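**Student:** Got coords_3.txt for you, compact mmCIF, C-alpha atoms:
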# COMPACT_ATOMS: atom_id res chain seq x y z
CA MET Q 1 91.58 100.98 66.22
CA ASP Q 2 93.27 102.76 69.10
CA MET Q 3 91.55 101.82 72.34
CA THR Q 4 92.21 105.21 73.91
CA SER Q 5 90.34 107.05 71.17
CA VAL Q 6 87.35 104.71 71.51
CA LEU Q 7 87.04 104.12 75.21
CA PRO Q 8 86.38 106.84 77.76
CA MET Q 9 89.23 107.45 80.18
CA GLU Q 10 87.32 106.05 83.16
CA CYS Q 11 86.82 102.83 81.24
CA VAL Q 12 90.57 102.56 80.52
CA SER Q 13 91.31 103.20 84.21
CA HIS Q 14 88.77 100.56 85.14
CA ILE Q 15 90.55 98.04 82.91
CA ILE Q 16 93.97 98.92 84.34
CA SER Q 17 92.64 98.49 87.89
CA PHE Q 18 92.19 94.79 87.01
CA THR Q 19 95.91 94.38 86.23
CA SER Q 20 98.83 94.00 88.64
CA PRO Q 21 101.09 96.79 89.95
CA ARG Q 22 103.81 95.59 87.58
CA ASP Q 23 101.51 95.68 84.55
CA ALA Q 24 100.11 99.07 85.57
CA CYS Q 25 103.67 100.47 85.64
CA ARG Q 26 104.41 99.02 82.21
CA LEU Q 27 101.21 100.62 80.89
CA LEU Q 28 102.56 104.01 82.04
CA ALA Q 29 105.04 103.81 79.16
CA VAL Q 30 102.56 102.80 76.44
CA SER Q 31 101.20 106.23 75.49
CA PRO Q 32 100.42 109.55 77.20
CA ALA Q 33 96.67 108.80 77.29
CA ILE Q 34 97.14 105.35 78.82
CA SER Q 35 99.77 106.76 81.13
CA SER Q 36 97.36 109.27 82.59
CA ALA Q 37 94.77 106.53 83.15
CA ALA Q 38 97.42 104.28 84.72
CA ASN Q 39 98.41 107.08 87.10
CA SER Q 40 94.88 107.65 88.32
CA ASP Q 41 93.72 107.24 91.91
CA ALA Q 42 90.95 104.89 90.71
CA VAL Q 43 93.61 102.39 89.56
CA TRP Q 44 95.88 102.52 92.61
CA GLU Q 45 93.04 102.57 95.13
CA LYS Q 46 92.22 99.10 93.80
CA LEU Q 47 95.85 97.94 93.69
CA LEU Q 48 96.28 98.89 97.36
CA PRO Q 49 95.06 96.25 99.85
CA CYS Q 50 91.32 96.74 100.43
CA ASP Q 51 91.87 97.27 104.18
CA TYR Q 52 94.82 99.69 103.92
CA GLN Q 53 92.87 102.58 105.48
CA GLU Q 54 91.87 100.48 108.46
CA ILE Q 55 95.47 99.34 108.94
CA LEU Q 56 96.85 102.88 108.69
CA SER Q 57 94.25 104.20 111.12
CA ASP Q 58 95.96 101.99 113.74
CA SER Q 59 99.32 103.67 113.06
CA ALA Q 60 101.11 106.94 113.62
CA PHE Q 61 100.96 107.45 109.84
CA SER Q 62 100.50 111.16 109.20
CA SER Q 63 96.97 111.89 108.05
CA SER Q 64 98.20 114.93 106.13
CA LEU Q 65 100.61 112.67 104.23
CA LEU Q 66 97.74 110.28 103.60
CA THR Q 67 95.63 113.01 102.01
CA SER Q 68 98.44 114.81 100.17
CA LEU Q 69 99.85 111.76 98.41
CA SER Q 70 98.21 110.43 95.26
CA LYS Q 71 97.14 106.81 95.60
CA LYS Q 72 100.06 105.74 93.42
CA GLU Q 73 102.51 107.72 95.56
CA LEU Q 74 100.96 106.16 98.67
CA TYR Q 75 101.38 102.69 97.16
CA PHE Q 76 105.11 103.17 96.58
CA HIS Q 77 105.55 104.94 99.88
CA LEU Q 78 104.14 101.86 101.62
CA CYS Q 79 106.44 99.60 99.56
CA HIS Q 80 109.55 101.41 100.74
CA ASN Q 81 108.68 102.67 104.20
CA PRO Q 82 107.38 100.19 106.74
CA VAL Q 83 104.65 101.75 108.88
CA LEU Q 84 104.47 100.87 112.58
CA ILE Q 85 101.02 99.75 113.74
CA ASN Q 86 99.61 98.23 116.91
CA ASN Q 87 101.31 100.76 119.24
CA GLY Q 88 104.58 100.54 117.37
CA THR Q 89 105.00 96.79 117.89
CA VAL Q 90 104.16 95.52 114.38
CA SER Q 91 105.35 96.87 111.03
CA PHE Q 92 103.34 96.90 107.82
CA LYS Q 93 104.50 97.35 104.25
CA LEU Q 94 103.61 96.24 100.74
CA GLU Q 95 105.33 93.91 98.35
CA LYS Q 96 106.03 96.09 95.33
CA GLU Q 97 105.41 93.50 92.60
CA SER Q 98 102.03 92.35 93.90
CA GLY Q 99 100.73 94.86 96.45
CA LYS Q 100 100.43 92.05 98.99
CA LYS Q 101 100.84 92.76 102.67
CA ILE Q 102 104.06 92.17 104.58
CA PHE Q 103 104.08 92.28 108.38
CA MET Q 104 106.85 92.06 110.90
CA ILE Q 105 105.77 91.19 114.44
CA GLY Q 106 108.29 93.12 116.52
CA ALA Q 107 109.93 91.55 119.57
CA ARG Q 108 107.63 93.49 121.92
CA ALA Q 109 104.60 91.82 120.34
CA LEU Q 110 106.09 88.31 120.56
CA SER Q 111 105.44 85.92 123.43
CA ILE Q 112 108.90 85.34 124.85
CA VAL Q 113 109.11 82.99 127.82
CA TRP Q 114 111.03 84.85 130.58
CA GLY Q 115 111.00 87.92 128.32
CA ASP Q 116 109.87 90.23 131.13
CA ASP Q 117 112.56 89.06 133.54
CA PRO Q 118 115.78 91.07 133.13
CA ARG Q 119 117.82 88.20 134.52
CA TYR Q 120 117.11 86.37 131.26
CA TRP Q 121 116.18 88.83 128.53
CA ILE Q 122 116.93 92.53 128.24
CA TRP Q 123 115.40 95.14 125.97
CA ILE Q 124 117.73 97.40 124.01
CA SER Q 125 117.49 100.02 121.27
CA LEU Q 126 119.43 99.56 118.07
CA PRO Q 127 119.66 102.11 115.25
CA GLU Q 128 119.29 99.36 112.65
CA SER Q 129 115.94 98.23 114.07
CA ARG Q 130 112.64 99.61 112.80
CA PHE Q 131 111.18 99.08 116.27
CA PRO Q 132 112.10 101.17 119.32
CA GLU Q 133 113.18 98.05 121.21
CA VAL Q 134 114.61 94.64 120.40
CA ALA Q 135 115.03 91.65 122.69
CA LYS Q 136 118.53 90.52 123.65
CA LEU Q 137 119.00 87.15 125.30
CA LYS Q 138 121.14 87.27 128.45
CA ILE Q 139 120.78 83.61 129.25
CA VAL Q 140 118.07 80.96 129.24
CA TRP Q 141 117.78 77.23 129.21
CA TRP Q 142 114.16 77.38 128.08
CA PHE Q 143 114.28 79.22 124.75
CA ASP Q 144 110.71 79.69 123.62
CA VAL Q 145 109.52 82.53 121.35
CA LYS Q 146 106.17 82.71 119.58
CA GLY Q 147 104.64 85.25 117.21
CA ARG Q 148 100.90 85.31 116.58
CA ILE Q 149 98.98 87.01 113.79
CA GLU Q 150 95.35 86.76 112.73
CA THR Q 151 95.12 85.20 109.27
CA ASN Q 152 92.48 87.78 108.28
CA MET Q 153 95.26 90.40 108.40
CA LEU Q 154 97.17 88.59 105.62
CA SER Q 155 96.50 88.88 101.89
CA SER Q 156 94.21 86.13 100.67
CA LYS Q 157 95.11 83.38 98.18
CA THR Q 158 98.75 83.81 99.09
CA THR Q 159 101.48 81.53 100.38
CA TYR Q 160 103.27 83.29 103.20
CA ALA Q 161 106.59 82.34 104.71
CA ALA Q 162 107.60 83.39 108.22
CA TYR Q 163 111.17 84.48 108.93
CA LEU Q 164 112.91 84.93 112.25
CA VAL Q 165 114.81 88.22 111.96
CA PHE Q 166 117.77 88.22 114.32
CA LYS Q 167 121.48 88.63 114.80
CA LEU Q 168 124.03 87.14 117.11
CA ALA Q 169 125.95 89.26 119.56
CA GLU Q 170 129.72 88.97 119.66
CA TYR Q 171 129.71 86.54 122.58
CA SER Q 172 126.71 84.45 121.71
CA HIS Q 173 126.67 80.83 122.74
CA GLY Q 174 124.50 77.76 122.50
CA PHE Q 175 123.32 78.02 118.89
CA GLU Q 176 126.35 76.46 117.16
CA ARG Q 177 125.62 72.79 117.66
CA ARG Q 178 122.09 72.65 119.01
CA PRO Q 179 119.42 73.14 116.39
CA VAL Q 180 116.32 75.15 117.25
CA GLU Q 181 112.87 73.91 116.34
CA LEU Q 182 111.01 76.22 113.96
CA GLY Q 183 107.32 75.85 113.19
CA VAL Q 184 104.45 77.71 111.55
CA TYR Q 185 100.95 76.44 112.25
CA ILE Q 186 97.36 77.43 112.99
CA GLU Q 187 96.69 77.74 116.70
CA GLY Q 188 95.09 74.52 117.96
CA ARG Q 189 96.21 72.58 114.89
CA ASP Q 190 99.81 72.06 115.81
CA ASN Q 191 100.72 69.03 113.76
CA GLN Q 192 103.04 70.67 111.28
CA GLU Q 193 106.43 69.24 110.61
CA ARG Q 194 109.21 71.22 112.23
CA GLN Q 195 112.45 72.42 110.77
CA ARG Q 196 115.54 72.06 112.94
CA PRO Q 197 118.29 74.32 111.64
CA LEU Q 198 121.33 75.67 113.45
CA LEU Q 199 121.11 79.43 113.94
CA ASP Q 200 124.89 79.81 114.25
CA PRO Q 201 126.50 76.85 112.49
CA LEU Q 202 130.24 76.26 112.72
CA GLU Q 203 132.32 77.33 109.75
CA ASN Q 204 132.23 74.03 107.91
CA VAL Q 205 128.42 73.78 108.03
CA GLN Q 206 126.19 75.49 105.48
CA SER Q 207 124.10 78.20 107.14
CA LEU Q 208 120.43 78.51 106.22
CA ALA Q 209 120.27 82.06 107.52
CA GLN Q 210 120.34 84.82 104.90
CA ASP Q 211 121.77 88.30 105.21
CA ARG Q 212 118.91 90.79 104.77
CA GLY Q 213 121.21 93.65 103.87
CA ASP Q 214 119.76 95.79 106.67
CA GLY Q 215 122.04 94.71 109.49
CA TRP Q 216 119.98 91.60 110.28
CA VAL Q 217 119.86 88.00 109.16
CA GLU Q 218 116.76 85.89 108.73
CA ILE Q 219 115.92 82.23 108.65
CA GLU Q 220 112.76 80.73 107.19
CA MET Q 221 110.53 79.18 109.84
CA GLY Q 222 107.92 77.58 107.60
CA GLU Q 223 105.07 78.56 105.32
CA PHE Q 224 101.33 78.86 105.31
CA PHE Q 225 98.81 79.19 102.47
CA ASN Q 226 96.22 81.81 103.37
CA GLU Q 227 93.07 81.01 101.40
CA ASN Q 228 90.74 83.76 102.61
CA GLY Q 229 91.77 84.61 106.17
CA ASN Q 230 89.24 82.29 107.84
CA ASP Q 231 91.76 80.07 109.57
CA GLY Q 232 92.07 81.93 112.88
CA THR Q 233 95.44 82.66 114.43
CA LEU Q 234 98.73 81.75 112.81
CA VAL Q 235 101.53 80.86 115.22
CA CYS Q 236 105.22 81.11 114.35
CA SER Q 237 107.32 79.33 116.91
CA VAL Q 238 111.02 79.07 117.84
CA PHE Q 239 111.87 76.50 120.48
CA GLU Q 240 114.94 74.91 122.11
CA ILE Q 241 114.75 73.41 125.61
CA ASN Q 242 117.28 70.64 125.69
CA GLY Q 243 118.91 71.67 128.92
CA HIS Q 244 121.81 73.72 127.64
CA SER Q 245 122.25 77.39 128.31
CA LYS Q 246 122.02 79.83 125.44
CA HIS Q 247 122.85 83.50 125.23
CA GLY Q 248 123.59 86.39 122.92
CA ILE Q 249 120.84 86.23 120.30
CA ILE Q 250 119.14 89.54 119.48
CA ILE Q 251 115.64 89.29 118.02
CA GLN Q 252 114.08 92.10 116.00
CA GLY Q 253 110.93 90.16 115.16
CA ILE Q 254 109.21 87.64 112.92
CA GLU Q 255 108.40 88.72 109.38
CA LEU Q 256 105.53 87.33 107.30
CA ARG Q 257 105.76 87.93 103.60
CA PRO Q 258 104.59 86.28 100.38
CA LYS Q 259 106.77 83.31 99.65
CA SER Q 260 108.25 84.21 96.26
CA SER Q 261 109.48 87.66 97.22
CA GLN Q 262 112.77 88.80 98.69
CA MET K 1 53.81 84.15 79.46
CA ALA K 2 57.05 86.01 79.78
CA ILE K 3 56.88 89.74 79.16
CA MET K 4 58.81 90.64 76.02
CA TYR K 5 60.48 93.89 75.06
CA ALA K 6 61.67 95.06 71.67
CA LEU K 7 65.15 96.57 71.59
CA LYS K 8 66.17 98.62 68.57
CA SER K 9 69.85 98.79 67.68
CA SER K 10 71.51 101.92 66.28
CA ASP K 11 71.30 100.34 62.80
CA ASN K 12 67.54 99.73 63.26
CA GLU K 13 67.50 96.03 63.89
CA ILE K 14 64.83 94.80 66.34
CA PHE K 15 65.63 92.26 69.06
CA GLU K 16 62.74 90.65 70.97
CA VAL K 17 63.93 89.90 74.49
CA GLU K 18 62.37 88.61 77.70
CA GLN K 19 62.07 91.21 80.45
CA LYS K 20 64.04 89.02 82.91
CA VAL K 21 66.99 88.82 80.52
CA ILE K 22 67.17 92.49 79.70
CA GLU K 23 66.56 93.69 83.25
CA GLN K 24 70.15 92.77 84.05
CA SER K 25 70.91 96.11 82.43
CA GLU K 26 70.38 98.72 85.13
CA THR K 27 69.87 101.34 82.41
CA ILE K 28 67.01 99.43 80.76
CA LYS K 29 65.54 98.30 84.08
CA LYS K 30 65.28 101.94 85.08
CA MET K 31 63.64 102.82 81.75
CA ILE K 32 61.06 100.07 82.32
CA GLU K 33 60.40 101.15 85.90
CA ASP K 34 60.02 104.78 84.83
CA GLY K 35 57.51 103.69 82.21
CA ALA K 36 59.75 105.12 79.51
CA ALA K 37 59.97 101.76 77.76
CA THR K 38 56.86 101.56 75.64
CA GLY K 39 57.06 100.05 72.19
CA GLU K 40 60.60 99.80 70.89
CA ILE K 41 63.50 100.77 73.12
CA PRO K 42 66.08 102.58 70.99
CA LEU K 43 69.70 101.90 72.02
CA GLN K 44 72.96 103.48 70.91
CA VAL K 45 74.45 100.04 70.28
CA SER K 46 75.09 98.38 66.91
CA SER K 47 73.19 95.18 66.09
CA LYS K 48 76.42 93.15 66.03
CA THR K 49 77.35 94.32 69.54
CA LEU K 50 73.80 94.09 70.90
CA ALA K 51 73.64 90.46 69.78
CA LYS K 52 76.77 89.79 71.83
CA VAL K 53 75.35 91.65 74.84
CA LEU K 54 72.17 89.56 74.70
CA GLU K 55 74.17 86.36 74.28
CA TRP K 56 75.91 87.22 77.55
CA CYS K 57 72.68 88.18 79.34
CA LYS K 58 70.89 85.00 78.28
CA GLN K 59 73.76 82.83 79.48
CA ARG K 60 73.72 84.62 82.85
CA GLN K 61 69.92 84.35 83.08
CA HIS K 62 70.06 80.64 82.29
CA LYS K 63 72.58 80.17 85.09
CA THR K 64 70.47 81.99 87.73
CA VAL K 65 67.23 80.19 86.84
CA GLU K 66 68.88 76.76 87.02
CA ASN K 67 70.37 77.55 90.40
CA GLU K 68 66.96 78.59 91.72
CA ASN K 69 65.36 75.34 90.56
CA ASP K 70 68.00 73.14 92.13
CA ASP K 71 67.28 71.18 95.25
CA ASN K 72 70.22 70.12 97.37
CA LYS K 73 70.26 66.52 96.23
CA GLY K 74 72.95 65.93 93.68
CA LYS K 75 73.58 69.64 93.57
CA ARG K 76 77.31 69.41 94.06
CA LYS K 77 77.95 67.29 91.01
CA LYS K 78 75.48 69.28 88.96
CA GLU K 79 77.14 72.52 90.00
CA ARG K 80 80.50 71.16 89.06
CA ASP K 81 79.27 70.14 85.62
CA GLU K 82 77.56 73.49 85.19
CA ASP K 83 80.69 75.35 86.23
CA ASP K 84 82.58 73.43 83.57
CA ASP K 85 79.90 74.29 80.99
CA ILE K 86 79.99 77.97 81.92
CA LYS K 87 83.78 78.02 81.84
CA GLU K 88 83.70 76.46 78.40
CA TRP K 89 81.12 78.97 77.19
CA GLU K 90 83.07 81.88 78.65
CA ASN K 91 86.31 80.69 77.05
CA LYS K 92 84.64 80.58 73.65
CA PHE K 93 83.08 84.02 74.22
CA SER K 94 86.52 85.39 75.25
CA ASP K 95 88.33 83.84 72.30
CA GLU K 96 85.93 85.46 69.83
CA LEU K 97 86.46 88.84 71.45
CA LYS K 98 90.22 88.49 71.55
CA ALA K 99 90.16 87.79 67.82
CA ASP K 100 88.02 90.87 67.05
CA LYS K 101 89.13 93.80 69.17
CA ASP K 102 86.68 96.23 67.54
CA VAL K 103 83.82 94.12 68.92
CA LEU K 104 85.62 93.86 72.25
CA PHE K 105 85.85 97.64 72.59
CA ASP K 106 82.27 98.13 71.37
CA LEU K 107 81.13 95.64 73.95
CA LEU K 108 83.08 97.43 76.67
CA LEU K 109 81.36 100.67 75.68
CA ALA K 110 77.96 99.00 75.57
CA SER K 111 78.36 97.34 78.98
CA ASN K 112 79.33 100.74 80.37
CA TYR K 113 76.35 102.48 78.71
CA LEU K 114 73.82 99.76 79.56
CA ASP K 115 75.20 99.48 83.10
CA LEU K 116 75.96 95.75 83.10
CA PRO K 117 78.53 95.51 85.91
CA ALA K 118 79.12 91.76 85.61
CA LEU K 119 79.85 91.99 81.88
CA LEU K 120 81.99 95.11 82.37
CA SER K 121 84.11 93.34 85.01
CA PHE K 122 84.39 90.27 82.84
CA LEU K 123 85.64 92.34 79.88
CA CYS K 124 88.03 94.42 81.99
CA GLN K 125 89.55 91.22 83.39
CA LEU K 126 89.81 89.86 79.84
CA VAL K 127 91.79 92.91 78.63
CA ALA K 128 93.87 92.92 81.85
CA ASP K 129 94.78 89.27 81.19
CA MET K 130 95.70 90.16 77.61
CA VAL K 131 98.24 92.79 78.71
CA ALA K 132 99.56 90.76 81.67
CA GLY K 133 103.31 90.33 81.48
CA LYS K 134 103.59 92.21 78.15
CA MET K 135 106.10 94.97 77.42
CA PRO K 136 104.82 98.40 76.28
CA GLU K 137 105.78 97.73 72.64
CA GLU K 138 103.80 94.47 72.57
CA ILE K 139 100.79 96.20 74.12
CA ARG K 140 100.94 98.96 71.48
CA ARG K 141 101.06 96.38 68.72
CA MET K 142 98.21 94.38 70.22
CA PHE K 143 95.85 97.36 70.40
CA ASN K 144 97.24 99.53 67.56
CA ILE K 145 98.20 102.26 69.96
CA GLU K 146 100.26 105.12 68.62
CA ASN K 147 103.25 105.93 70.81
CA ASP K 148 103.23 109.70 71.01
CA PHE K 149 105.81 109.86 73.78
CA THR K 150 109.13 111.44 72.87
CA PRO K 151 112.02 108.99 73.37
CA GLU K 152 113.13 111.11 76.36
CA GLU K 153 109.71 110.92 78.01
CA GLU K 154 109.54 107.18 77.53
CA LYS K 155 113.06 106.75 78.89
CA ALA K 156 112.18 108.78 81.98
CA ILE K 157 109.18 106.53 82.74
CA THR K 158 111.06 103.28 82.27
CA ALA K 159 113.90 104.65 84.42
CA GLU K 160 111.51 105.67 87.21
CA HIS K 161 109.90 102.23 87.37
CA GLY K 162 112.88 100.16 86.20
CA TRP K 163 111.89 97.14 88.31
CA ALA K 164 108.63 96.73 86.39
CA PHE K 165 110.33 96.57 83.00
CA GLN K 166 112.71 93.76 83.78
CA PRO K 167 111.66 90.71 81.83
Would it be possible to restate this file's structure as structure tokens?

**Tutor:**
Amino acid sequence: MDMTSVLPMECVSHIISFTSPRDACRLLAVSPAISSAANSDAVWEKLLPCDYQEILSDSAFSSSLLTSLSKKELYFHLCHNPVLINNGTVSFKLEKESGKKIFMIGARALSIVWGDDPRYWIWISLPESRFPEVAKLKIVWWFDVKGRIETNMLSSKTTYAAYLVFKLAEYSHGFERRPVELGVYIEGRDNQERQRPLLDPLENVQSLAQDRGDGWVEIEMGEFFNENGNDGTLVCSVFEINGHSKHGIIIQGIELRPKSSQ
Amino acid sequence: MAIMYALKSSDNEIFEVEQKVIEQSETIKKMIEDGAATGEIPLQVSSKTLAKVLEWCKQRQHKTVENENDDNKGKRKKERDEDDDIKEWENKFSDELKADKDVLFDLLLASNYLDLPALLSFLCQLVADMVAGKMPEEIRRMFNIENDFTPEEEKAITAEHGWAFQP
């Protein structure tokens, strides 16, 4: 018995809305009838995060684009084009395989100690940044950067990893031999173990930073399992205060994305 | 005494069912409220499928009544045991449906027609789990679906969403 001849189309769409984005795309190739169900707005509305409209309402995302795109087109648009929210200081996109939410807290939304003092940090524009401004370190001894995000913004039942997205200017200094302390923890529950990698290791030391392929490198700061978003504020922290001067790091932001993805 | 209703399947079999059990169906509940349900209630559902529907409804009813009667003492352990029982029952129910897809589809239709949202969601999730991770050819085989795409059409779709077709 062919299910598409027995079941009404809305029922087939309803079934497909219980699958994953990957499975829904595979179903597109099964038969024309299933394909049309798998293309339907009913399916992709459910594969989009349930709060996507609320998130987009806080962005400059064109409302005409929002209404002219089918839900499936919107899904893939959001996978490939990060949308700036929160006055352009945070970016939002989707992980293609799962539809889970990926955020990058831009430098302007980070708490950077001395960040508003141009003797220590300056704000520059770079074409390879998705944000209008990035933070460039002139010099500090107290290197202390924190990103905060409410856990109810993140997809539930998901392990997130936080990544510091940065690059080193030509004449950077202070990150070759002195490790920075990286931590991810719930605000007020700061008892997580810290990682202490070198951001700019010398040539004979293995670097933990990965090239992102977009002009930036990233280093994992730690991870957090988000059960249902009831944990309050997640803090992602970078710290180095051992009395040596540091300069030349450029920070685009801190990205939070599901752990298994690239 | 519980109020009983007589449901008549499309092949004229009569099922005597408690009102509380059958009221899970929004369609039948509405018929009862409207006073349209006097005597036998004729349904466009075969006896084989209706038996399955009622099996589901009784299990759900059983679960709600027991929860209502619970006091807090010892509830945790009892709940855990019950959850295990329900899981076991659901697994058996699922396995039977997976083995007989005609009944599965009939049951999907019936849950849609009788407006049983919990059963409908359960069945949709069951089918979604069956296709999870499968390639189009495996899905066609599993559900006897004819592929009436031309090879070019199929190629265009797999090319457009290449990432999804990688094993």

**Student:** What residues in chain Q lie within 12 Å of chain K, counting all atoms listed in the file, written as a PyMOL selection string?

**Tutor:** chain Q and resi 1-35+39+76+96-98

**Student:** Rank Q:Asn86, Q:Val43, Q:Phe166, Q:Glu176 by their smallest atom-to-atom distance to Leu56 in chain Q, using all atoms listed in the file, and report the top residue only.

**Tutor:**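 Between Q:Asn86, Q:Val43, Q:Phe166, Q:Glu176, the residue approaching Leu56 in chain Q most closely is Q:Asn86.
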
**Student:** What is the CA of Trp141 in chain Q-CA of Ile241 in chain Q distance in Å, reported with one decimal?

**Tutor:** 6.1 Å

**Student:** Show which residues sit within 9 Å of Arg108 in chain Q, as an MDAnalysis selection string. Count only C-alpha atoms, and ignore same-chain residues fewer than 5 positions away.

**Tutor:** chainID Q and resid 88:90 123 131 133:135 252:253

**Student:** For CA of Glu203 in chain Q and CA of Ser260 in chain Q, determine how far apart the two atoms are, in Å to one decimal place.

**Tutor:** 28.4 Å

**Student:** Would you list the contacts of Leu65 in chain Q as a PyMOL selection string, taking every protein, DNA or RNA residue within 12 Å and counting all atoms listed in the file, but skipping same-chain residues closer than 4 positions in sequence?

**Tutor:** chain Q and resi 56+60-61+69-71+73-74+77-78

**Student:** Between K:Lys52, K:Lys29, K:Lys8, K:Lys20, which residue has the minimum interatomic distance to Leu107 in chain K, considering only C-alpha atoms?

**Tutor:**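 Closest candidate: K:Lys52.
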
**Student:** Which distance in Å separates CA of Gln210 in chain Q and CA of Leu182 in chain Q, to one decimal?

**Tutor:**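 Taking CA of Gln210 in chain Q as the start and CA of Leu182 in chain Q as the end point, the length is 15.6 Å.
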
**Student:** Residues near range 188-193 of chain Q, anyone? I mean within 10 Å using all atoms listed in the file, not counting same-chain ones fewer than 5 positions away, as a PyMOL selection string.

**Tutor:** chain Q and resi 181-183+222+232-235

**Student:** If you count only C-alpha atoms, which residues fall within 9 Å of Glu45 in chain Q, apart from same-chain ones fewer than 4 positions away, as a PyMOL selection string?

**Tutor:** chain Q and resi 17+40-41+49-50+71-72+75

**Student:** Quick one: range 151-157 of chain Q with all heavy atoms, as a compact mmCIF listing (two decimals), in the first residue's frame?

**Tutor:**
# COMPACT_ATOMS: atom_id res chain seq x y z
N THR Q 151 20.11 31.35 29.08
CA THR Q 151 20.00 29.97 28.57
C THR Q 151 18.65 29.71 27.89
O THR Q 151 18.53 28.80 27.10
CB THR Q 151 20.22 28.94 29.70
OG1 THR Q 151 19.33 29.25 30.77
CG2 THR Q 151 21.64 28.97 30.20
N ASN Q 152 17.64 30.56 28.19
CA ASN Q 152 16.35 30.33 27.51
C ASN Q 152 16.37 30.76 26.04
O ASN Q 152 15.43 30.51 25.30
CB ASN Q 152 15.18 30.98 28.27
CG ASN Q 152 15.30 32.48 28.35
OD1 ASN Q 152 16.11 33.10 27.65
ND2 ASN Q 152 14.50 33.09 29.21
N MET Q 153 17.48 31.42 25.63
CA MET Q 153 17.64 31.74 24.20
C MET Q 153 18.12 30.52 23.41
O MET Q 153 17.92 30.42 22.21
CB MET Q 153 18.71 32.83 24.01
CG MET Q 153 18.46 34.15 24.67
SD MET Q 153 17.50 35.21 23.58
CE MET Q 153 18.73 35.64 22.34
N LEU Q 154 18.80 29.59 24.11
CA LEU Q 154 19.45 28.46 23.44
C LEU Q 154 18.45 27.33 23.19
O LEU Q 154 17.44 27.23 23.88
CB LEU Q 154 20.60 27.94 24.30
CG LEU Q 154 21.68 28.98 24.69
CD1 LEU Q 154 22.66 28.37 25.69
CD2 LEU Q 154 22.41 29.48 23.46
N SER Q 155 18.73 26.49 22.21
CA SER Q 155 17.87 25.33 21.95
C SER Q 155 17.96 24.38 23.13
O SER Q 155 19.04 24.19 23.70
CB SER Q 155 18.32 24.61 20.67
OG SER Q 155 18.20 25.47 19.57
N SER Q 156 16.82 23.77 23.48
CA SER Q 156 16.81 22.90 24.64
C SER Q 156 17.37 21.52 24.30
O SER Q 156 17.51 21.15 23.13
CB SER Q 156 15.40 22.80 25.21
OG SER Q 156 14.54 22.36 24.22
N LYS Q 157 17.67 20.76 25.34
CA LYS Q 157 18.22 19.40 25.21
C LYS Q 157 19.40 19.36 24.23
O LYS Q 157 19.49 18.49 23.37
CB LYS Q 157 17.13 18.43 24.74
CG LYS Q 157 15.92 18.43 25.65
CD LYS Q 157 15.37 17.06 25.87
CE LYS Q 157 14.25 17.01 26.88
NZ LYS Q 157 13.92 18.21 27.62
